[in-house]
file model_4.cif (mmCIF, C-alpha atoms)
data_structure
loop_
_atom_site.label_atom_id
_atom_site.label_comp_id
_atom_site.auth_asym_id
_atom_site.auth_seq_id
_atom_site.Cartn_x
_atom_site.Cartn_y
_atom_site.Cartn_z
CA MET A 21 102.00 63.55 126.51
CA ASN A 22 103.74 66.78 127.32
CA LYS A 23 106.30 66.16 124.64
CA SER A 24 103.76 65.65 121.89
CA PHE A 25 101.90 68.80 123.00
CA LEU A 26 105.14 70.78 122.72
CA LEU A 27 105.83 69.25 119.34
CA ALA A 28 102.36 70.13 118.10
CA THR A 29 102.76 73.72 119.32
CA ALA A 30 106.12 74.02 117.64
CA LEU A 31 104.66 72.67 114.43
CA LEU A 32 101.78 75.13 114.61
CA ILE A 33 104.13 78.06 115.10
CA LEU A 34 106.24 76.83 112.21
CA ILE A 35 103.21 76.63 109.93
CA LEU A 36 101.98 80.05 110.95
CA THR A 37 105.31 81.77 110.48
CA ALA A 38 105.89 79.92 107.23
CA CYS A 39 102.64 81.34 105.91
CA ASN A 40 103.77 84.77 106.98
CA SER A 41 107.13 84.66 105.31
CA SER A 42 105.65 83.50 102.01
CA ASN A 43 103.26 86.45 102.04
CA PRO A 44 103.02 87.44 98.38
CA ASN A 45 102.67 91.09 99.37
CA ASN A 46 106.35 91.35 100.13
CA LYS A 47 107.56 91.53 96.56
CA LEU A 48 106.04 91.66 93.12
CA PRO A 49 107.12 89.14 90.46
CA ILE A 50 109.03 90.14 87.35
CA LEU A 51 106.84 89.34 84.35
CA GLY A 52 107.84 88.28 80.86
CA SER A 53 110.35 85.90 79.35
CA ARG A 54 113.69 85.27 81.01
CA GLU A 55 116.85 83.54 79.94
CA PRO A 56 119.97 82.30 81.68
CA ILE A 57 123.19 84.08 80.92
CA THR A 58 126.69 83.16 81.94
CA LYS A 59 129.07 85.85 82.98
CA GLU A 60 132.37 86.13 84.70
CA VAL A 61 132.61 87.58 88.17
CA ASP A 62 135.99 87.65 89.91
CA GLY A 63 137.40 85.14 87.46
CA LYS A 64 134.59 82.65 88.08
CA THR A 65 131.91 81.82 85.54
CA ILE A 66 128.45 82.13 87.04
CA VAL A 67 124.94 81.72 85.64
CA ASP A 68 122.55 84.57 86.12
CA THR A 69 119.00 85.28 84.96
CA LEU A 70 118.35 87.93 82.35
CA TYR A 71 114.86 89.35 82.88
CA LYS A 72 112.82 90.91 80.14
CA SER A 73 113.00 94.67 80.22
CA ILE A 74 111.54 97.54 78.19
CA PRO A 75 114.07 98.43 75.46
CA GLU A 76 115.25 101.97 74.78
CA PHE A 77 112.70 104.24 73.10
CA GLN A 78 112.24 107.81 71.98
CA PHE A 79 108.96 109.69 71.59
CA LEU A 80 107.71 113.27 71.66
CA ASN A 81 105.64 114.28 74.65
CA GLN A 82 102.73 116.72 74.90
CA ASP A 83 105.20 119.63 75.13
CA SER A 84 106.95 118.45 71.92
CA LEU A 85 110.00 117.48 73.98
CA PRO A 86 111.79 114.18 73.41
CA ILE A 87 111.26 111.53 76.06
CA THR A 88 113.37 108.39 76.35
CA GLY A 89 113.95 105.56 78.80
CA LYS A 90 116.17 107.98 80.69
CA THR A 91 113.16 110.21 81.44
CA PHE A 92 111.82 107.38 83.61
CA GLU A 93 115.09 106.11 85.13
CA ASN A 94 114.40 107.37 88.65
CA SER A 95 110.76 106.39 88.87
CA ILE A 96 108.42 103.49 88.60
CA TYR A 97 105.79 104.15 85.96
CA VAL A 98 102.43 103.02 84.67
CA ALA A 99 102.15 102.67 80.88
CA ASP A 100 99.11 102.34 78.66
CA PHE A 101 98.01 102.67 75.02
CA PHE A 102 95.09 104.85 73.95
CA PHE A 103 94.04 107.55 71.47
CA THR A 104 92.26 110.83 72.09
CA SER A 105 89.27 110.21 69.82
CA CYS A 106 88.70 106.70 71.17
CA PRO A 107 84.98 106.10 71.62
CA SER A 108 85.20 102.82 73.50
CA ILE A 109 87.41 101.91 76.46
CA CYS A 110 89.78 104.91 76.68
CA PRO A 111 87.47 107.20 78.67
CA ILE A 112 87.06 104.45 81.30
CA MET A 113 90.81 103.80 81.32
CA HIS A 114 91.68 107.43 81.83
CA ARG A 115 88.92 108.00 84.37
CA ASN A 116 90.65 105.23 86.33
CA MET A 117 94.17 106.41 85.52
CA LEU A 118 93.26 109.88 86.82
CA LYS A 119 92.44 108.26 90.15
CA VAL A 120 95.90 106.70 90.29
CA TYR A 121 97.52 109.94 89.08
CA ASN A 122 95.78 111.98 91.76
CA LYS A 123 96.92 109.54 94.45
CA TYR A 124 100.60 109.88 93.47
CA LYS A 125 100.51 113.47 92.25
CA GLY A 126 103.77 115.19 93.22
CA ASN A 127 105.54 111.93 94.07
CA ASP A 128 108.74 112.15 91.99
CA GLU A 129 109.23 108.39 92.16
CA VAL A 130 106.01 107.76 90.20
CA MET A 131 105.33 108.62 86.56
CA PHE A 132 102.73 107.82 83.91
CA LEU A 133 103.26 107.11 80.21
CA SER A 134 100.29 107.06 77.85
CA HIS A 135 101.17 106.15 74.25
CA SER A 136 98.83 107.36 71.52
CA ILE A 137 98.27 104.71 68.87
CA ASP A 138 96.65 107.28 66.54
CA THR A 139 99.92 108.44 65.01
CA LYS A 140 98.15 110.52 62.35
CA HIS A 141 95.82 112.68 64.41
CA ASP A 142 97.32 112.76 67.92
CA THR A 143 100.13 115.29 67.55
CA PRO A 144 101.81 116.76 70.65
CA SER A 145 99.46 119.76 70.56
CA VAL A 146 96.39 117.50 70.43
CA LEU A 147 97.78 115.52 73.35
CA LYS A 148 98.53 118.74 75.24
CA LYS A 149 94.90 119.84 74.92
CA TYR A 150 93.75 116.40 76.00
CA ALA A 151 96.01 116.49 79.07
CA GLU A 152 94.82 119.96 80.01
CA LYS A 153 91.20 118.86 79.80
CA LEU A 154 92.04 116.10 82.27
CA SER A 155 93.65 118.78 84.49
CA VAL A 156 97.02 117.09 84.00
CA THR A 157 99.87 119.61 84.15
CA GLY A 158 103.63 119.29 84.55
CA ASP A 159 105.62 116.29 83.37
CA GLN A 160 104.61 113.52 85.76
CA TRP A 161 102.13 112.12 83.24
CA GLN A 162 103.73 111.89 79.79
CA PHE A 163 101.60 111.59 76.67
CA ALA A 164 103.75 110.05 73.96
CA SER A 165 103.38 110.43 70.21
CA GLY A 166 105.59 108.68 67.72
CA THR A 167 105.68 107.09 64.33
CA LYS A 168 103.71 104.02 63.42
CA GLU A 169 106.91 101.98 63.64
CA THR A 170 108.00 103.23 67.07
CA ILE A 171 104.57 103.12 68.77
CA TYR A 172 103.47 99.77 67.36
CA GLY A 173 107.02 98.54 67.87
CA ILE A 174 106.96 99.24 71.60
CA SER A 175 103.45 97.96 72.44
CA PRO A 176 104.40 94.24 72.29
CA GLU A 177 107.31 95.01 74.63
CA TYR A 178 104.70 95.98 77.22
CA MET A 179 102.74 92.86 76.22
CA VAL A 180 99.85 95.04 75.02
CA PHE A 181 98.06 94.35 71.73
CA ALA A 182 97.41 97.34 69.47
CA GLU A 183 96.76 97.67 65.75
CA GLU A 184 95.02 99.78 63.16
CA ASN A 185 91.67 98.23 62.27
CA ASP A 186 88.98 99.84 60.12
CA GLN A 187 86.44 97.33 61.38
CA VAL A 188 86.25 98.67 64.95
CA ALA A 189 84.80 101.93 66.27
CA GLY A 190 87.40 104.67 66.09
CA GLY A 191 89.67 102.81 63.66
CA TYR A 192 92.13 101.37 66.18
CA GLU A 193 91.96 98.19 68.19
CA HIS A 194 93.85 97.93 71.44
CA GLN A 195 93.83 96.42 74.91
CA GLY A 196 93.23 98.45 78.03
CA TRP A 197 96.08 97.18 80.19
CA PHE A 198 97.85 99.34 82.73
CA ILE A 199 101.43 98.07 82.87
CA LEU A 200 103.49 98.65 86.00
CA VAL A 201 107.21 99.10 85.26
CA ASP A 202 109.97 99.37 87.86
CA LYS A 203 113.06 101.60 87.82
CA ASP A 204 115.03 98.90 85.98
CA LYS A 205 112.35 98.77 83.24
CA HIS A 206 111.11 95.35 84.33
CA ILE A 207 107.38 94.71 84.07
CA ARG A 208 106.05 94.05 87.57
CA GLY A 209 102.31 93.90 86.98
CA ALA A 210 99.51 94.14 84.40
CA TYR A 211 96.02 95.35 85.31
CA ASN A 212 92.81 95.74 83.34
CA GLY A 213 92.48 99.53 83.17
CA THR A 214 88.72 99.34 82.69
CA ASP A 215 88.14 97.41 85.91
CA GLU A 216 88.03 99.50 89.07
CA LYS A 217 88.97 96.57 91.29
CA GLU A 218 92.09 95.84 89.26
CA VAL A 219 93.02 99.50 89.35
CA ASP A 220 92.73 99.42 93.15
CA LYS A 221 95.06 96.41 93.07
CA LEU A 222 97.47 98.40 90.89
CA MET A 223 97.66 101.13 93.53
CA LYS A 224 98.34 98.57 96.26
CA ASP A 225 101.05 96.99 94.13
CA MET A 226 102.62 100.39 93.43
CA ASP A 227 102.97 100.90 97.19
CA ILE A 228 104.60 97.48 97.48
CA LEU A 229 106.97 98.26 94.61
CA LEU A 230 107.88 101.66 96.04
CA ARG A 231 108.85 99.96 99.31
CA GLU A 232 111.59 98.08 97.42
CA TYR A 233 113.35 101.39 96.89
CA GLU A 234 113.10 102.62 100.47
CA LYS A 235 116.50 103.04 102.00
CA MET B 17 33.31 85.94 115.00
CA ARG B 18 35.35 83.80 112.73
CA ASN B 19 33.42 85.02 109.72
CA LYS B 20 34.02 88.64 110.72
CA LEU B 21 37.74 88.03 110.89
CA LEU B 22 37.70 86.41 107.49
CA TYR B 23 35.74 89.27 105.95
CA GLY B 24 38.08 91.77 107.57
CA PHE B 25 41.05 89.90 106.19
CA PHE B 26 39.70 89.82 102.66
CA GLY B 27 38.66 93.43 103.01
CA ILE B 28 42.22 94.47 103.78
CA ILE B 29 43.60 92.35 100.98
CA SER B 30 41.26 93.78 98.36
CA VAL B 31 41.89 97.36 99.50
CA SER B 32 45.66 96.87 99.29
CA ILE B 33 45.36 95.25 95.88
CA SER B 34 43.43 98.22 94.59
CA ILE B 35 46.02 100.58 96.11
CA ILE B 36 48.84 98.71 94.43
CA SER B 37 47.10 98.73 91.10
CA CYS B 38 46.41 102.41 91.67
CA GLN B 39 50.16 102.86 91.42
CA SER B 40 48.99 103.62 87.97
CA THR B 41 50.06 102.16 84.69
CA GLU B 42 52.10 105.33 84.34
CA GLU B 43 54.39 104.44 87.22
CA ILE B 44 54.72 100.87 86.04
CA GLU B 45 55.53 102.15 82.57
CA GLN B 46 58.14 104.50 84.00
CA ALA B 47 59.73 101.72 86.05
CA LYS B 48 59.92 99.58 82.93
CA TYR B 49 61.53 102.39 80.93
CA TYR B 50 63.94 103.11 83.76
CA ILE B 51 65.20 99.55 84.10
CA ASN B 52 65.57 99.08 80.34
CA GLY B 53 67.19 102.51 80.25
CA LYS B 54 69.83 101.44 82.73
CA LEU B 55 70.83 98.52 80.49
CA THR B 56 70.81 100.69 77.36
CA TYR B 57 72.87 103.32 79.18
CA GLU B 58 75.45 100.76 80.26
CA THR B 59 75.82 99.58 76.66
CA HIS B 60 75.88 102.89 74.80
CA CYS B 61 76.69 105.74 77.20
CA GLN B 62 78.50 104.58 80.32
CA ASN B 63 81.99 104.19 78.78
CA CYS B 64 82.17 107.93 78.34
CA HIS B 65 79.70 109.44 80.80
CA GLY B 66 80.47 107.05 83.66
CA ALA B 67 78.35 104.85 85.92
CA LYS B 68 77.38 107.85 88.05
CA GLY B 69 76.99 110.23 85.10
CA GLU B 70 80.18 111.90 86.27
CA GLY B 71 81.78 112.49 82.84
CA LEU B 72 85.54 112.91 82.47
CA GLY B 73 87.43 116.14 83.15
CA MET B 74 86.64 118.78 80.54
CA LEU B 75 86.53 116.09 77.83
CA ILE B 76 83.13 114.58 78.60
CA PRO B 77 80.46 116.58 80.42
CA PRO B 78 78.64 115.03 83.39
CA LEU B 79 74.90 114.32 83.24
CA THR B 80 74.32 115.79 86.69
CA ASP B 81 73.36 119.33 85.64
CA THR B 82 69.67 119.02 86.48
CA ALA B 83 68.87 122.51 85.18
CA PHE B 84 70.45 121.73 81.79
CA ILE B 85 68.49 118.47 81.50
CA ALA B 86 65.22 120.11 82.54
CA ASN B 87 65.66 123.12 80.22
CA ASN B 88 66.66 121.05 77.19
CA LEU B 89 64.25 118.17 77.66
CA ASN B 90 62.90 118.31 74.10
CA SER B 91 66.36 118.33 72.53
CA ILE B 92 67.84 115.37 74.39
CA ALA B 93 66.42 112.76 72.01
CA SER B 94 68.10 114.39 69.01
CA MET B 95 71.34 114.95 70.95
CA ILE B 96 71.50 111.21 71.59
CA LYS B 97 70.48 110.17 68.09
CA PHE B 98 72.36 112.71 65.97
CA GLY B 99 75.25 113.59 68.28
CA LEU B 100 76.44 116.97 69.40
CA SER B 101 79.30 119.35 68.62
CA GLY B 102 80.20 122.91 69.50
CA GLU B 103 80.07 124.62 72.85
CA ILE B 104 77.70 123.65 75.62
CA THR B 105 77.68 124.97 79.17
CA ILE B 106 77.29 122.41 81.93
CA HIS B 107 77.53 123.40 85.58
CA GLY B 108 78.80 126.78 84.39
CA LYS B 109 81.75 125.28 82.48
CA VAL B 110 82.07 125.39 78.71
CA TYR B 111 82.66 122.03 77.02
CA ASN B 112 83.63 121.91 73.36
CA GLU B 113 84.00 118.34 72.15
CA VAL B 114 82.16 116.05 69.77
CA MET B 115 79.61 113.55 70.96
CA PRO B 116 79.22 110.82 68.32
CA ALA B 117 75.81 110.15 66.79
CA GLU B 118 74.00 106.97 67.79
CA THR B 119 71.70 106.80 64.78
CA HIS B 120 71.33 103.05 65.18
CA LEU B 121 69.30 103.56 68.38
CA SER B 122 65.55 103.09 67.99
CA THR B 123 62.94 105.49 69.32
CA VAL B 124 62.12 103.01 72.08
CA GLU B 125 65.77 102.76 73.13
CA ILE B 126 66.08 106.55 73.20
CA THR B 127 62.91 106.70 75.32
CA TYR B 128 64.50 104.22 77.73
CA LEU B 129 67.64 106.37 77.91
CA ILE B 130 65.81 109.64 78.54
CA ASN B 131 63.77 108.03 81.31
CA TYR B 132 66.90 106.60 82.90
CA ILE B 133 69.15 109.66 82.61
CA GLY B 134 66.23 111.98 83.38
CA ASN B 135 65.54 110.17 86.64
CA SER B 136 69.12 109.39 87.74
CA PHE B 137 72.18 111.40 88.79
CA GLY B 138 69.97 113.87 90.66
CA ASN B 139 67.57 114.47 87.73
CA LYS B 140 63.81 114.07 88.26
CA ILE B 141 61.83 114.60 85.07
CA GLY B 142 59.27 111.83 85.66
CA LEU B 143 57.86 109.78 82.79
CA TYR B 144 58.89 110.80 79.28
CA THR B 145 56.71 109.07 76.71
CA GLN B 146 57.70 107.43 73.48
CA GLU B 147 55.20 109.64 71.61
CA GLN B 148 57.01 112.70 72.92
CA VAL B 149 60.40 111.30 71.85
CA GLN B 150 59.00 110.61 68.38
CA LYS B 151 57.74 114.22 68.23
CA ASP B 152 61.14 115.59 69.40
CA LEU B 153 62.95 113.61 66.71
CA THR B 154 60.55 114.62 63.94
CA ASN B 155 60.93 118.27 64.95
CA THR B 156 64.72 118.00 64.64
CA VAL B 157 64.63 116.47 61.18
CA ASN B 158 62.25 119.16 59.86
#
call {"tool": "encode", "arguments": {"input": "model_4.cif", "output": "structure tokens"}}
result
Amino acid sequence: MNKSFLLATALLILILTACNSSNPNNKLPILGSREPITKEVDGKTIVDTLYKSIPEFQFLNQDSLPITGKTFENSIYVADFFFTSCPSICPIMHRNMLKVYNKYKGNDEVMFLSHSIDTKHDTPSVLKKYAEKLSVTGDQWQFASGTKETIYGISPEYMVFAEENDQVAGGYEHQGWFILVDKDKHIRGAYNGTDEKEVDKLMKDMDILLREYEK
Amino acid sequence: MRNKLLYGFFGIISVSISIISCQSTEEIEQAKYYINGKLTYETHCQNCHGAKGEGLGMLIPPLTDTAFIANNLNSIASMIKFGLSGEITIHGKVYNEVMPAETHLSTVEITYLINYIGNSFGNKIGLYTQEQVQKDLTNTVN
């Protein structure tokens, strides 16, 4: 009698703690494709996992300065795709992004990268004006302009669809994802930038991700 | 005794019915416009101007400047239908962007919108009739 009671209690504790340790809040997954690679460490051949990461890039920011992967090497960042004359989802996205920006303003471990998909009209000076009208100053939030090849070349790397399309309002079709990228350029989360609840989730996940880098 | 109670009961009922119906056709009309206006707003305006009419930075002006709305009441229909460009001052700040035209909106839809915007976000213009909207639009074209 006593024994089975003890056993049951032990089992209960085990179940409870097991639930605790598998708490998904502890670490965010790494999204995207992955492949096994073999490499040699100390003379032994081992198999490791190669996670998808954002490849090297180069764009001009709103101050006409070049930005590359190196610009973001010491910070996690949130990336999105938009254009300044966008009549549909962009205002909602950037109303929400502003909320995230204001939360992490001044935190040098957090950056923002908005790519313009209107490579004809959105020059650095247009993007500068746009940033100023959002009260965004400094270099924490980068507004990237590039060529058609570089911008539309990088969007699938973030798993975001974007293309020129005369049939839609504004002339460009794109998705409103906010993509969370860690310091190693791995994608750690994707959130619908037009949905306030998902944007709240993004901010929670950013806190979780930042904890990974606490010493 | 029982009859008196019954009469009293029906008396109260009929008085309250007449009070409710006295909430004039105007108020019912306005409520109808307002509810339809909310749906029309969500479809055509909310992306930019926001669910609370809050706008976006200095890019998109808010709809909360009650003085601006009240002073420009007769121009709002044409602003919605034909768009807007150039400088406008809202809450003392100068905005200079382009608001796209929504020429596909019907007079009824614009009436819905004016009644919704005009009675939300702090604004209180009361009922704005479809006849008035039609007049505002005709005046703009001429």
call {"tool": "interface_residues", "arguments": {"input": "model_4.cif", "of": "chain A", "to": "chain B", "cutoff": "7 Å", "atoms": "only C-alpha atoms", "output": "ChimeraX atom specification"}}
result
/A:108-109,111-112,115,153-155
call {"tool": "resolve_selection", "arguments": {"input": "model_4.cif", "expression": "the PyMOL selection byres ((chain B and resi 131-141) around 8)", "output": "list in words"}}
result
Gln46, Tyr49, Tyr50, Ile51, Gly53, Lys54, Tyr57, Lys68, Gly69, Leu79, Thr80, Asp81, Thr82, Ile85, Ala86, Thr127, Tyr128, Leu129, Ile130, Gly142, Leu143 and Tyr144 of chain B
call {"tool": "closest_residue", "arguments": {"input": "model_4.cif", "among": "B:Thr56, B:Thr105, B:Gln148, B:Ser94", "to": "B:Pro77", "atoms": "all atoms listed in the file"}}
result
B:Thr105
call {"tool": "resolve_selection", "arguments": {"input": "model_4.cif", "expression": "the PyMOL selection byres ((chain A and resi 226) around 12)", "output": "count of residues only"}}
result
41
call {"tool": "resolve_selection", "arguments": {"input": "model_4.cif", "expression": "the PyMOL selection byres ((chain A and resi 164-172) around 8)", "output": "PyMOL selection string"}}
result
chain A and resi 77-82+87+133-137+139+142-144+162-163+173-176+182-183
call {"tool": "atom_distance", "arguments": {"input": "model_4.cif", "atom1": "atom CA of A:Ala151", "atom2": "atom CA of A:Val188"}}
result
24.7 Å
call {"tool": "atom_distance", "arguments": {"input": "model_4.cif", "atom1": "atom CA of B:Lys109", "atom2": "atom CA of B:Phe84"}}
result
11.9 Å
call {"tool": "build_atoms", "arguments": {"input": "model_4.cif", "residues": "stretch 146-164 of chain A", "atoms": "N, CA and C atoms", "output": "mmCIF file, keeping the file's coordinate frame"}}
result
data_model
loop_
_atom_site.group_PDB
_atom_site.id
_atom_site.type_symbol
_atom_site.label_atom_id
_atom_site.label_comp_id
_atom_site.auth_asym_id
_atom_site.auth_seq_id
_atom_site.Cartn_x
_atom_site.Cartn_y
_atom_site.Cartn_z
ATOM 1 N N VAL A 146 97.663 118.162 70.124
ATOM 2 C CA VAL A 146 96.390 117.500 70.430
ATOM 3 C C VAL A 146 96.467 116.831 71.801
ATOM 4 N N LEU A 147 97.604 116.194 72.064
ATOM 5 C CA LEU A 147 97.780 115.520 73.350
ATOM 6 C C LEU A 147 97.853 116.519 74.498
ATOM 7 N N LYS A 148 98.438 117.693 74.211
ATOM 8 C CA LYS A 148 98.530 118.740 75.240
ATOM 9 C C LYS A 148 97.128 119.182 75.649
ATOM 10 N N LYS A 149 96.271 119.420 74.641
ATOM 11 C CA LYS A 149 94.900 119.840 74.920
ATOM 12 C C LYS A 149 94.170 118.766 75.724
ATOM 13 N N TYR A 150 94.387 117.534 75.310
ATOM 14 C CA TYR A 150 93.750 116.400 76.000
ATOM 15 C C TYR A 150 94.174 116.371 77.467
ATOM 16 N N ALA A 151 95.489 116.518 77.701
ATOM 17 C CA ALA A 151 96.010 116.490 79.070
ATOM 18 C C ALA A 151 95.416 117.623 79.905
ATOM 19 N N GLU A 152 95.357 118.803 79.282
ATOM 20 C CA GLU A 152 94.820 119.960 80.010
ATOM 21 C C GLU A 152 93.368 119.732 80.403
ATOM 22 N N LYS A 153 92.613 119.099 79.506
ATOM 23 C CA LYS A 153 91.200 118.860 79.800
ATOM 24 C C LYS A 153 91.013 117.807 80.885
ATOM 25 N N LEU A 154 92.085 117.033 81.142
ATOM 26 C CA LEU A 154 92.040 116.100 82.270
ATOM 27 C C LEU A 154 92.636 116.753 83.530
ATOM 28 N N SER A 155 92.978 118.051 83.408
ATOM 29 C CA SER A 155 93.650 118.780 84.490
ATOM 30 C C SER A 155 95.017 118.184 84.818
ATOM 31 N N VAL A 156 95.673 117.621 83.800
ATOM 32 C CA VAL A 156 97.020 117.090 84.000
ATOM 33 C C VAL A 156 98.019 118.144 83.560
ATOM 34 N N THR A 157 98.850 118.614 84.491
ATOM 35 C CA THR A 157 99.870 119.610 84.150
ATOM 36 C C THR A 157 101.228 119.057 84.571
ATOM 37 N N GLY A 158 102.300 119.750 84.174
ATOM 38 C CA GLY A 158 103.630 119.290 84.550
ATOM 39 C C GLY A 158 104.060 118.094 83.726
ATOM 40 N N ASP A 159 105.092 117.371 84.193
ATOM 41 C CA ASP A 159 105.620 116.290 83.370
ATOM 42 C C ASP A 159 105.537 114.923 84.047
ATOM 43 N N GLN A 160 104.717 114.816 85.091
ATOM 44 C CA GLN A 160 104.610 113.520 85.760
ATOM 45 C C GLN A 160 103.860 112.498 84.902
ATOM 46 N N TRP A 161 102.883 112.986 84.152
ATOM 47 C CA TRP A 161 102.130 112.120 83.240
ATOM 48 C C TRP A 161 102.505 112.508 81.815
ATOM 49 N N GLN A 162 103.245 111.630 81.138
ATOM 50 C CA GLN A 162 103.730 111.890 79.790
ATOM 51 C C GLN A 162 102.775 111.283 78.774
ATOM 52 N N PHE A 163 102.433 112.084 77.765
ATOM 53 C CA PHE A 163 101.600 111.590 76.670
ATOM 54 C C PHE A 163 102.485 111.497 75.434
ATOM 55 N N ALA A 164 102.754 110.259 74.989
ATOM 56 C CA ALA A 164 103.750 110.050 73.960
ATOM 57 C C ALA A 164 103.130 109.935 72.578
#
